[in-house]
file target-v7.csv (CSV, C-alpha atoms)
chain,number,residue,atom,x,y,z
Q,161,MET,CA,0.4,-11.7,-12.5
Q,162,THR,CA,3.8,-10.7,-13.8
Q,163,PRO,CA,6.7,-11.7,-11.5
Q,164,HIS,CA,9.1,-9.0,-10.6
Q,165,ALA,CA,12.4,-10.0,-9.1
Q,166,HIS,CA,13.7,-7.9,-6.2
Q,167,ARG,CA,17.2,-8.6,-4.9
Q,168,MET,CA,19.0,-8.2,-1.5
Q,169,ILE,CA,22.7,-7.5,-1.3
Q,170,ARG,CA,24.4,-8.0,2.1
Q,171,HIS,CA,27.3,-5.8,3.1
Q,172,THR,CA,30.0,-6.3,5.7
Q,173,VAL,CA,29.3,-3.9,8.5
Q,174,VAL,CA,32.1,-1.4,9.0
Q,175,PHE,CA,32.2,1.3,11.7
Q,176,ARG,CA,33.8,4.5,10.5
Q,177,THR,CA,34.7,8.0,11.7
Q,178,LEU,CA,33.3,10.8,9.5
Q,179,GLU,CA,34.6,14.3,9.3
Q,180,VAL,CA,32.3,17.2,8.3
Q,181,LEU,CA,33.6,18.9,5.1
Q,182,ARG,CA,30.7,21.2,4.1
Q,183,VAL,CA,27.3,22.3,5.4
Q,184,GLU,CA,24.5,23.7,3.3
Q,185,ARG,CA,20.9,24.7,4.3
Q,186,LEU,CA,18.8,23.3,1.4
Q,187,THR,CA,15.4,24.5,2.8
Q,188,PRO,CA,14.2,25.8,6.2
Q,189,HIS,CA,13.8,22.2,7.5
Q,190,MET,CA,16.7,20.4,5.6
Q,191,GLN,CA,20.4,20.6,6.3
Q,192,ARG,CA,22.8,19.0,3.9
Q,193,ILE,CA,26.1,17.8,5.3
Q,194,VAL,CA,29.0,16.4,3.3
Q,195,PHE,CA,31.4,14.1,5.1
Q,196,GLY,CA,34.8,12.9,4.2
Q,197,GLY,CA,37.8,11.1,5.8
Q,198,THR,CA,40.0,8.1,5.1
Q,199,ASP,CA,37.6,5.8,6.8
Q,200,LEU,CA,35.1,6.3,4.0
Q,201,ARG,CA,37.2,4.4,1.5
Q,202,GLY,CA,35.3,1.3,0.4
Q,203,PHE,CA,31.9,2.6,1.4
Q,204,ALA,CA,29.1,0.9,-0.5
Q,205,SER,CA,25.4,1.8,-0.8
Q,206,ALA,CA,23.5,0.1,-3.7
Q,207,ALA,CA,19.9,1.1,-3.0
Q,208,PRO,CA,18.3,4.6,-2.8
Q,209,ASP,CA,16.7,3.8,0.6
Q,210,ASP,CA,19.7,2.3,2.2
Q,211,HIS,CA,20.4,3.4,5.8
Q,212,VAL,CA,23.5,4.0,7.8
Q,213,LYS,CA,23.6,4.4,11.6
Q,214,LEU,CA,25.1,7.7,12.6
Q,215,PHE,CA,26.6,8.0,16.1
Q,216,PHE,CA,26.6,11.5,17.7
Q,217,PRO,CA,28.7,12.8,20.6
Q,218,ASN,CA,27.6,11.7,24.0
Q,219,SER,CA,27.3,14.0,27.0
Q,220,LEU,CA,31.1,14.0,27.3
Q,221,GLY,CA,31.5,14.9,23.6
Q,222,GLU,CA,32.8,11.5,22.8
Q,223,ILE,CA,31.9,9.2,19.9
Q,224,VAL,CA,31.4,5.7,21.2
Q,225,THR,CA,30.5,3.1,18.5
Q,226,PRO,CA,30.1,-0.6,18.7
Q,227,VAL,CA,32.9,-3.0,17.7
Q,228,MET,CA,32.4,-6.0,15.5
Q,229,GLY,CA,32.9,-9.3,17.4
Q,230,PRO,CA,32.1,-13.0,16.8
Q,231,ASN,CA,28.5,-12.4,17.9
Q,232,GLY,CA,28.0,-9.2,15.9
Q,233,PRO,CA,28.3,-5.6,17.1
Q,234,THR,CA,28.9,-5.0,20.8
Q,235,TYR,CA,29.7,-2.0,22.9
Q,236,PRO,CA,32.9,-1.7,25.0
Q,237,ALA,CA,32.2,-1.8,28.7
Q,238,GLY,CA,32.3,1.5,30.6
Q,239,PRO,CA,31.9,4.5,28.2
Q,240,GLU,CA,28.6,6.2,27.7
Q,241,TYR,CA,27.1,5.1,24.4
Q,242,SER,CA,26.7,7.6,21.6
Q,243,PRO,CA,23.1,8.4,20.6
Q,244,MET,CA,22.4,6.9,17.2
Q,245,ARG,CA,19.9,7.4,14.4
Q,246,ASP,CA,19.4,5.9,10.9
Q,247,TYR,CA,20.0,8.0,7.9
Q,248,THR,CA,19.9,7.7,4.1
Q,249,PRO,CA,23.2,8.0,2.2
Q,250,ARG,CA,22.0,10.7,-0.1
Q,251,ARG,CA,25.0,10.4,-2.4
Q,252,TYR,CA,28.5,8.8,-2.2
Q,253,ASP,CA,31.2,10.0,-4.6
Q,254,SER,CA,33.9,7.4,-4.6
Q,255,THR,CA,36.2,9.6,-6.7
Q,256,LEU,CA,36.1,12.5,-4.2
Q,257,ASN,CA,35.5,10.1,-1.3
Q,258,GLU,CA,32.6,12.2,-0.1
Q,259,LEU,CA,29.3,11.1,1.6
Q,260,THR,CA,26.3,13.4,1.5
Q,261,VAL,CA,23.6,13.1,4.1
Q,262,ASP,CA,20.5,15.3,4.4
Q,263,PHE,CA,19.1,16.0,7.9
Q,264,VAL,CA,15.6,17.1,8.6
Q,265,LEU,CA,15.6,19.8,11.2
Q,266,HIS,CA,12.6,19.3,13.5
Q,267,GLY,CA,11.9,18.4,17.1
Q,268,ASP,CA,14.5,18.2,19.8
Q,269,GLY,CA,16.7,15.2,19.4
Q,270,PRO,CA,20.4,14.4,19.3
Q,271,ALA,CA,20.6,14.2,15.5
Q,272,SER,CA,18.6,17.4,14.8
Q,273,ASN,CA,20.5,19.3,17.5
Q,274,TRP,CA,23.8,18.2,16.2
Q,275,ALA,CA,23.0,18.9,12.5
Q,276,VAL,CA,21.9,22.4,13.1
Q,277,GLN,CA,25.2,23.4,14.6
Q,278,ALA,CA,27.5,21.2,12.5
Q,279,SER,CA,30.6,22.9,11.0
Q,280,PRO,CA,33.6,21.7,9.1
Q,281,GLY,CA,36.1,19.7,11.1
Q,282,GLN,CA,33.5,18.1,13.5
Q,283,ARG,CA,33.4,14.3,13.6
Q,284,ILE,CA,30.7,11.7,14.1
Q,285,GLY,CA,30.6,7.9,13.8
Q,286,ALA,CA,28.9,5.8,11.2
Q,287,GLY,CA,28.1,2.1,10.7
Q,288,GLY,CA,26.7,0.2,7.7
Q,289,PRO,CA,24.8,0.0,5.5
Q,290,ARG,CA,24.0,-3.6,6.5
Q,291,GLY,CA,22.3,-4.4,3.3
Q,292,SER,CA,20.7,-3.0,0.1
Q,293,ASN,CA,17.2,-4.0,-1.1
Q,294,LEU,CA,17.2,-3.6,-4.9
Q,295,ILE,CA,13.6,-3.1,-6.2
Q,296,ALA,CA,12.9,-4.7,-9.5
Q,297,ASP,CA,13.4,-2.2,-12.4
Q,298,ASP,CA,10.8,-3.7,-14.7
Q,299,PHE,CA,7.6,-2.2,-13.2
Q,300,ASP,CA,5.5,0.0,-15.5
Q,301,THR,CA,5.1,2.7,-12.9
Q,302,TYR,CA,6.6,3.6,-9.5
Q,303,VAL,CA,4.7,5.6,-6.9
Q,304,LEU,CA,6.8,7.2,-4.2
Q,305,VAL,CA,5.0,8.4,-1.1
Q,306,GLY,CA,6.6,10.2,1.8
Q,307,ASP,CA,6.9,13.1,4.1
Q,308,GLU,CA,10.0,15.3,4.6
Q,309,THR,CA,12.0,12.5,6.2
Q,310,ALA,CA,11.6,10.5,3.0
Q,311,LEU,CA,12.9,13.3,0.7
Q,312,PRO,CA,16.5,12.1,0.7
Q,313,ALA,CA,15.6,8.6,-0.4
Q,314,ILE,CA,13.1,9.9,-3.0
Q,315,GLY,CA,15.5,12.4,-4.4
Q,316,ARG,CA,18.2,9.8,-4.7
Q,317,ARG,CA,15.9,7.3,-6.3
Q,318,LEU,CA,14.7,9.8,-8.9
Q,319,GLU,CA,18.3,10.7,-9.8
Q,320,GLU,CA,19.2,7.0,-10.3
Q,321,MET,CA,16.1,6.0,-12.3
Q,322,PRO,CA,16.7,5.3,-16.0
Q,323,GLU,CA,15.2,7.3,-18.9
Q,324,GLY,CA,11.6,6.3,-19.7
Q,325,THR,CA,10.6,5.1,-16.2
Q,326,ARG,CA,7.2,6.5,-15.1
Q,327,VAL,CA,7.2,7.9,-11.6
Q,328,GLU,CA,4.5,9.5,-9.5
Q,329,VAL,CA,5.7,11.3,-6.4
Q,330,LEU,CA,3.5,12.4,-3.5
Q,331,ALA,CA,5.7,14.5,-1.1
Q,332,GLU,CA,4.4,16.0,2.1
Q,333,ILE,CA,6.4,19.0,3.5
Q,334,PRO,CA,5.9,21.5,6.3
Q,335,SER,CA,5.6,24.5,3.9
Q,336,ALA,CA,6.1,25.6,0.3
Q,337,ASP,CA,9.6,26.8,1.2
Q,338,ASP,CA,10.6,23.1,1.8
Q,339,ARG,CA,10.2,22.1,-1.9
Q,340,GLN,CA,13.3,20.7,-3.4
Q,341,SER,CA,14.6,20.6,-7.0
Q,342,TRP,CA,15.4,17.1,-8.2
Q,343,ARG,CA,17.0,16.0,-11.5
Q,344,SER,CA,15.9,12.8,-13.2
Q,345,SER,CA,16.0,11.1,-16.5
Q,346,ALA,CA,12.7,9.4,-15.7
Q,347,ASP,CA,9.2,10.7,-16.6
Q,348,VAL,CA,8.4,12.2,-13.2
Q,349,ASN,CA,5.2,13.9,-11.9
Q,350,ILE,CA,5.6,15.4,-8.4
Q,351,THR,CA,2.7,16.5,-6.2
Q,352,TRP,CA,3.8,18.7,-3.3
Q,353,LEU,CA,1.5,18.6,-0.3
Q,354,GLU,CA,2.1,21.4,2.2
Q,355,ARG,CA,0.9,21.0,5.8
Q,356,ASP,CA,1.1,24.8,6.6
Q,357,GLY,CA,1.2,24.4,10.4
Q,358,ALA,CA,-0.3,20.9,10.8
Q,359,THR,CA,1.9,18.3,12.5
Q,360,GLY,CA,3.5,15.4,10.7
Q,361,ASP,CA,1.5,12.9,12.7
Q,362,GLY,CA,-1.8,14.8,12.5
Q,363,SER,CA,-1.9,15.3,8.8
Q,364,ASP,CA,-3.7,13.1,6.3
Q,365,LEU,CA,-2.6,14.9,3.1
Q,366,LEU,CA,-0.6,11.8,1.8
Q,367,GLU,CA,-3.5,9.5,2.5
Q,368,GLN,CA,-6.0,11.7,0.6
Q,369,ALA,CA,-3.6,12.1,-2.3
Q,370,LEU,CA,-2.9,8.4,-2.5
Q,371,ARG,CA,-6.7,7.6,-2.5
Q,372,ALA,CA,-7.2,10.2,-5.2
Q,373,LEU,CA,-4.4,8.8,-7.4
Q,374,SER,CA,-5.8,6.8,-10.3
Q,375,THR,CA,-4.4,3.3,-10.5
Q,376,PRO,CA,-1.7,3.5,-13.2
Q,377,ALA,CA,-1.9,1.2,-16.2
Q,378,GLY,CA,0.2,-1.9,-16.0
Q,379,ASP,CA,2.2,-3.1,-13.0
Q,380,THR,CA,2.9,-0.5,-10.3
Q,381,PHE,CA,5.3,-0.6,-7.4
Q,382,TYR,CA,4.5,1.6,-4.3
Q,383,TRP,CA,7.1,2.9,-1.9
Q,384,ILE,CA,5.9,4.6,1.3
Q,385,ALA,CA,7.9,6.2,4.1
Q,386,THR,CA,6.4,8.5,6.8
Q,387,GLU,CA,5.2,8.3,10.4
Q,388,SER,CA,4.8,4.7,11.4
Q,389,HIS,CA,1.0,4.6,11.9
Q,390,ARG,CA,0.4,6.5,8.7
Q,391,THR,CA,2.6,4.2,6.8
Q,392,ARG,CA,0.8,1.2,8.2
Q,393,ASN,CA,-2.6,2.6,7.3
Q,394,MET,CA,-1.6,3.4,3.7
Q,395,ARG,CA,-0.1,-0.1,3.3
Q,396,LEU,CA,-3.3,-1.7,4.5
Q,397,TRP,CA,-5.4,0.5,2.3
Q,398,LEU,CA,-3.4,-0.5,-0.8
Q,399,SER,CA,-3.6,-4.1,0.1
Q,400,GLN,CA,-7.3,-4.3,1.1
Q,401,GLU,CA,-8.8,-1.7,-1.2
Q,402,ARG,CA,-6.6,-1.7,-4.2
Q,403,GLY,CA,-5.5,-5.3,-4.0
Q,404,VAL,CA,-1.8,-4.5,-4.4
Q,405,PRO,CA,0.3,-7.6,-3.9
Q,406,LYS,CA,2.7,-7.6,-0.9
Q,407,ASP,CA,5.8,-7.8,-3.2
Q,408,TRP,CA,4.6,-4.8,-5.2
Q,409,MET,CA,5.0,-2.4,-2.3
Q,410,LYS,CA,7.5,-1.4,0.4
Q,411,ALA,CA,6.2,0.6,3.3
Q,412,LYS,CA,8.3,1.7,6.3
Q,413,GLY,CA,7.8,3.9,9.3
Q,414,TYR,CA,10.6,6.4,9.2
Q,415,TRP,CA,9.6,7.9,12.6
Q,416,GLN,CA,7.1,7.3,15.4
Q,417,ALA,CA,4.8,9.9,17.0
Q,418,GLY,CA,5.1,10.4,20.7
Q,419,THR,CA,8.7,9.5,21.1
Q,420,ASP,CA,11.8,11.7,21.4
Q,421,GLU,CA,13.3,10.2,18.2
Q,422,ASP,CA,14.4,12.6,15.5
Q,423,GLY,CA,13.2,10.1,12.9
Q,424,GLU,CA,15.3,8.1,10.5
Q,425,ASP,CA,16.2,11.0,8.3
Q,426,GLY,CA,15.6,13.8,10.7

call {"tool": "encode", "arguments": {"input": "target-v7.csv", "output": "C-alpha cells"}}
result
Amino acid sequence: MTPHAHRMIRHTVVFRTLEVLRVERLTPHMQRIVFGGTDLRGFASAAPDDHVKLFFPNSLGEIVTPVMGPNGPTYPAGPEYSPMRDYTPRRYDSTLNELTVDFVLHGDGPASNWAVQASPGQRIGAGGPRGSNLIADDFDTYVLVGDETALPAIGRRLEEMPEGTRVEVLAEIPSADDRQSWRSSADVNITWLERDGATGDGSDLLEQALRALSTPAGDTFYWIATESHRTRNMRLWLSQERGVPKDWMKAKGYWQAGTDEDGEDG
C-alpha cells in the first residue's frame, strides 16, 4: 500500500468583525456574501474544507463573540450569546482583503434567516479557522461526494487542484436550477443528482451513485460531506465493502436531521 502523507496546520484563533460588502444569489438555494473590514487582515485558510465560526446577531441585534483567554475561548458574563454556525471560507483575496462565504438557504435557522436578508453594511462576527487539514496531493484520483452544503468546499477544492489531477464529483442538489459552474485545471467529471422534492435526509441518490461508481485505477482518496447519518453509512460502506483504508477517506456530517441547525454551510 502506497503511503500518502496528509498534513495538519494549526492556526492562532482570532475573532473578527466582518462587514458585508456584496451579496449575490448564485442559485435558488445558494446566497454568496462577500465580507471585508480591517479585521480580516492576516486571515489564513490553507485547506478547501476549512471552517470558520460565524456569529450572528442575537435577539437584541448584538454580536457577542468569545474572547481568547488562558484556557481558550470564553464568553463574557452577562450578554446573550450570538448564534453561531460553521462555514467554509469559499475564497479569500488577500490583495482586496475580501472573504467570500456561500450560504445554503434552507430551513429556518439563524444563519439562513440572516443570509437571505443580508445587505451591504451589515456586520457579523467570525472566528478561526482553528486549523487546516491538507490532504496528500499524490493520489491518482479524488472522489468528492456531497449535498448542497458541501458545494462551497467542493468548488474551492476544484479551483485549487493542479492540472492533470483526476477528480470524480457526485453532487446532490435540490433541483436542476441549483447546479453551479466551477472552473478547474484538473480533469473533472461531475455527476449532478437532483432530488426534485425529496428531503436531504430522505434521499439516497449519493449512496446509489457511490455504489455505482467503478473503483478508479490506482490510489483513490474519498471526501464525503452531507447529512451525518448518510455520511456515516457511506464511510462504513467504503471501508467494509470496498476496503478503503481509513487514511484514504475523509467523511464528515455537515448537518444533522431532526435539529434546528442550519447545517455547516447552510

call {"tool": "residues_around", "arguments": {"input": "target-v7.csv", "residues": "stretch 407-413 of chain Q", "least_positions_apart": "3", "cutoff": "9 Å", "atoms": "all atoms listed in the file", "output": "PyMOL selection string"}}
result
chain Q and resi 164+166+299+379-392+394-395+398+404+416+423-424

call {"tool": "closest_residue", "arguments": {"input": "target-v7.csv", "among": "Q:Gln277, Q:Arg201, Q:Gly285, Q:Leu181", "to": "Q:Asn218", "atoms": "only C-alpha atoms"}}
result
Q:Gly285

call {"tool": "atom_distance", "arguments": {"input": "target-v7.csv", "atom1": "atom CA of Q:Arg245", "atom2": "atom CA of Q:Val329"}}
result
25.5 Å

call {"tool": "residues_around", "arguments": {"input": "target-v7.csv", "residues": "stretch 307-324 of chain Q", "least_positions_apart": "4", "cutoff": "6 Å", "atoms": "only C-alpha atoms", "output": "ChimeraX atom specification"}}
result
/Q:208-209,250,331-333,343-347,385-386,425-426

call {"tool": "residues_around", "arguments": {"input": "target-v7.csv", "residues": "stretch 228-242 of chain Q", "least_positions_apart": "5", "cutoff": "8 Å", "atoms": "only C-alpha atoms", "output": "ChimeraX atom specification"}}
result
/Q:173-174,215-219,222-223

call {"tool": "closest_residue", "arguments": {"input": "target-v7.csv", "among": "Q:Ala377, Q:Ala358, Q:Val327, Q:Leu186", "to": "Q:Asp262", "atoms": "only C-alpha atoms"}}
result
Q:Leu186

call {"tool": "residues_around", "arguments": {"input": "target-v7.csv", "residues": "Q:Asn257", "least_positions_apart": "2", "cutoff": "10 Å", "atoms": "only C-alpha atoms", "output": "JSON, numbers by chain"}}
result
{"Q": [195, 196, 197, 198, 199, 200, 201, 202, 203, 252, 253, 254, 255, 259]}

call {"tool": "closest_residue", "arguments": {"input": "target-v7.csv", "among": "Q:Thr187, Q:Thr225, Q:Ser292, Q:Thr301", "to": "Q:Ser341", "atoms": "all atoms listed in the file"}}
result
Q:Thr187

call {"tool": "residues_near_point", "arguments": {"input": "target-v7.csv", "point": "(22.7, -2.3, 8.7)", "cutoff": "9 Å", "atoms": "all atoms listed in the file", "output": "PyMOL selection string"}}
result
chain Q and resi 170-173+210-213+287-292

call {"tool": "closest_residue", "arguments": {"input": "target-v7.csv", "among": "Q:Pro280, Q:Gly360, Q:Pro334, Q:Gly221", "to": "Q:Trp415", "atoms": "only C-alpha atoms"}}
result
Q:Gly360

call {"tool": "atom_distance", "arguments": {"input": "target-v7.csv", "atom1": "atom CA of Q:Leu353", "atom2": "atom CA of Q:Val305"}}
result
10.8 Å

call {"tool": "closest_residue", "arguments": {"input": "target-v7.csv", "among": "Q:Thr419, Q:Thr162, Q:Thr177, Q:Gln191", "to": "Q:Ser272", "atoms": "only C-alpha atoms"}}
result
Q:Gln191

call {"tool": "atom_distance", "arguments": {"input": "target-v7.csv", "atom1": "atom CA of Q:Asn393", "atom2": "atom CA of Q:Leu366"}}
result
10.9 Å

call {"tool": "residues_around", "arguments": {"input": "target-v7.csv", "residues": "Q:Pro188", "least_positions_apart": "3", "cutoff": "8 Å", "atoms": "all atoms listed in the file", "output": "PyMOL selection string"}}
result
chain Q and resi 185+265+337-338

call {"tool": "closest_residue", "arguments": {"input": "target-v7.csv", "among": "Q:Ala165, Q:Glu184, Q:His189, Q:Leu330", "to": "Q:Leu294", "atoms": "only C-alpha atoms"}}
result
Q:Ala165

call {"tool": "decode", "arguments": {"input": "target-v7.csv", "residues": "stretch 173-193 of chain Q", "atoms": "N, CA and C atoms", "output": "PDB file, in the first residue's frame"}}
result
ATOM      1  N   VAL Q 173      -6.258  31.181  16.808  1.00  0.00           N
ATOM      2  CA  VAL Q 173      -7.659  31.571  16.671  1.00  0.00           C
ATOM      3  C   VAL Q 173      -7.800  33.071  16.923  1.00  0.00           C
ATOM      4  N   VAL Q 174      -8.403  33.749  15.968  1.00  0.00           N
ATOM      5  CA  VAL Q 174      -8.645  35.185  16.060  1.00  0.00           C
ATOM      6  C   VAL Q 174     -10.125  35.429  15.838  1.00  0.00           C
ATOM      7  N   PHE Q 175     -10.742  36.246  16.684  1.00  0.00           N
ATOM      8  CA  PHE Q 175     -12.140  36.637  16.499  1.00  0.00           C
ATOM      9  C   PHE Q 175     -12.189  37.992  15.822  1.00  0.00           C
ATOM     10  N   ARG Q 176     -13.010  38.064  14.781  1.00  0.00           N
ATOM     11  CA  ARG Q 176     -13.048  39.252  13.927  1.00  0.00           C
ATOM     12  C   ARG Q 176     -14.476  39.751  13.744  1.00  0.00           C
ATOM     13  N   THR Q 177     -14.585  41.010  13.355  1.00  0.00           N
ATOM     14  CA  THR Q 177     -15.857  41.568  12.911  1.00  0.00           C
ATOM     15  C   THR Q 177     -15.803  41.713  11.394  1.00  0.00           C
ATOM     16  N   LEU Q 178     -16.805  41.151  10.717  1.00  0.00           N
ATOM     17  CA  LEU Q 178     -16.865  41.199   9.261  1.00  0.00           C
ATOM     18  C   LEU Q 178     -17.989  42.130   8.815  1.00  0.00           C
ATOM     19  N   GLU Q 179     -17.730  42.846   7.735  1.00  0.00           N
ATOM     20  CA  GLU Q 179     -18.746  43.737   7.168  1.00  0.00           C
ATOM     21  C   GLU Q 179     -19.149  43.233   5.791  1.00  0.00           C
ATOM     22  N   VAL Q 180     -20.453  43.181   5.540  1.00  0.00           N
ATOM     23  CA  VAL Q 180     -20.955  42.751   4.236  1.00  0.00           C
ATOM     24  C   VAL Q 180     -20.614  43.808   3.190  1.00  0.00           C
ATOM     25  N   LEU Q 181     -19.953  43.355   2.116  1.00  0.00           N
ATOM     26  CA  LEU Q 181     -19.632  44.243   1.002  1.00  0.00           C
ATOM     27  C   LEU Q 181     -20.582  44.046  -0.166  1.00  0.00           C
ATOM     28  N   ARG Q 182     -20.823  42.762  -0.524  1.00  0.00           N
ATOM     29  CA  ARG Q 182     -21.675  42.455  -1.671  1.00  0.00           C
ATOM     30  C   ARG Q 182     -22.473  41.181  -1.399  1.00  0.00           C
ATOM     31  N   VAL Q 183     -23.630  41.087  -2.035  1.00  0.00           N
ATOM     32  CA  VAL Q 183     -24.492  39.913  -1.914  1.00  0.00           C
ATOM     33  C   VAL Q 183     -24.925  39.494  -3.314  1.00  0.00           C
ATOM     34  N   GLU Q 184     -24.841  38.182  -3.579  1.00  0.00           N
ATOM     35  CA  GLU Q 184     -25.221  37.665  -4.899  1.00  0.00           C
ATOM     36  C   GLU Q 184     -25.951  36.340  -4.732  1.00  0.00           C
ATOM     37  N   ARG Q 185     -27.115  36.205  -5.375  1.00  0.00           N
ATOM     38  CA  ARG Q 185     -27.834  34.932  -5.363  1.00  0.00           C
ATOM     39  C   ARG Q 185     -27.273  34.068  -6.500  1.00  0.00           C
ATOM     40  N   LEU Q 186     -26.532  33.027  -6.139  1.00  0.00           N
ATOM     41  CA  LEU Q 186     -25.928  32.146  -7.138  1.00  0.00           C
ATOM     42  C   LEU Q 186     -26.960  31.235  -7.777  1.00  0.00           C
ATOM     43  N   THR Q 187     -27.789  30.613  -6.933  1.00  0.00           N
ATOM     44  CA  THR Q 187     -28.830  29.681  -7.372  1.00  0.00           C
ATOM     45  C   THR Q 187     -30.014  29.862  -6.416  1.00  0.00           C
ATOM     46  N   PRO Q 188     -31.144  29.211  -6.686  1.00  0.00           N
ATOM     47  CA  PRO Q 188     -32.283  29.396  -5.776  1.00  0.00           C
ATOM     48  C   PRO Q 188     -31.977  29.092  -4.311  1.00  0.00           C
ATOM     49  N   HIS Q 189     -31.011  28.205  -4.043  1.00  0.00           N
ATOM     50  CA  HIS Q 189     -30.729  27.807  -2.670  1.00  0.00           C
ATOM     51  C   HIS Q 189     -29.321  28.174  -2.212  1.00  0.00           C
ATOM     52  N   MET Q 190     -28.665  29.109  -2.908  1.00  0.00           N
ATOM     53  CA  MET Q 190     -27.305  29.474  -2.510  1.00  0.00           C
ATOM     54  C   MET Q 190     -27.109  30.983  -2.623  1.00  0.00           C
ATOM     55  N   GLN Q 191     -26.766  31.597  -1.497  1.00  0.00           N
ATOM     56  CA  GLN Q 191     -26.512  33.033  -1.434  1.00  0.00           C
ATOM     57  C   GLN Q 191     -25.026  33.264  -1.179  1.00  0.00           C
ATOM     58  N   ARG Q 192     -24.374  34.009  -2.050  1.00  0.00           N
ATOM     59  CA  ARG Q 192     -22.963  34.337  -1.872  1.00  0.00           C
ATOM     60  C   ARG Q 192     -22.846  35.713  -1.218  1.00  0.00           C
ATOM     61  N   ILE Q 193     -22.036  35.764  -0.158  1.00  0.00           N
ATOM     62  CA  ILE Q 193     -21.822  37.027   0.538  1.00  0.00           C
ATOM     63  C   ILE Q 193     -20.319  37.279   0.617  1.00  0.00           C
TER      64      ILE Q 193
END
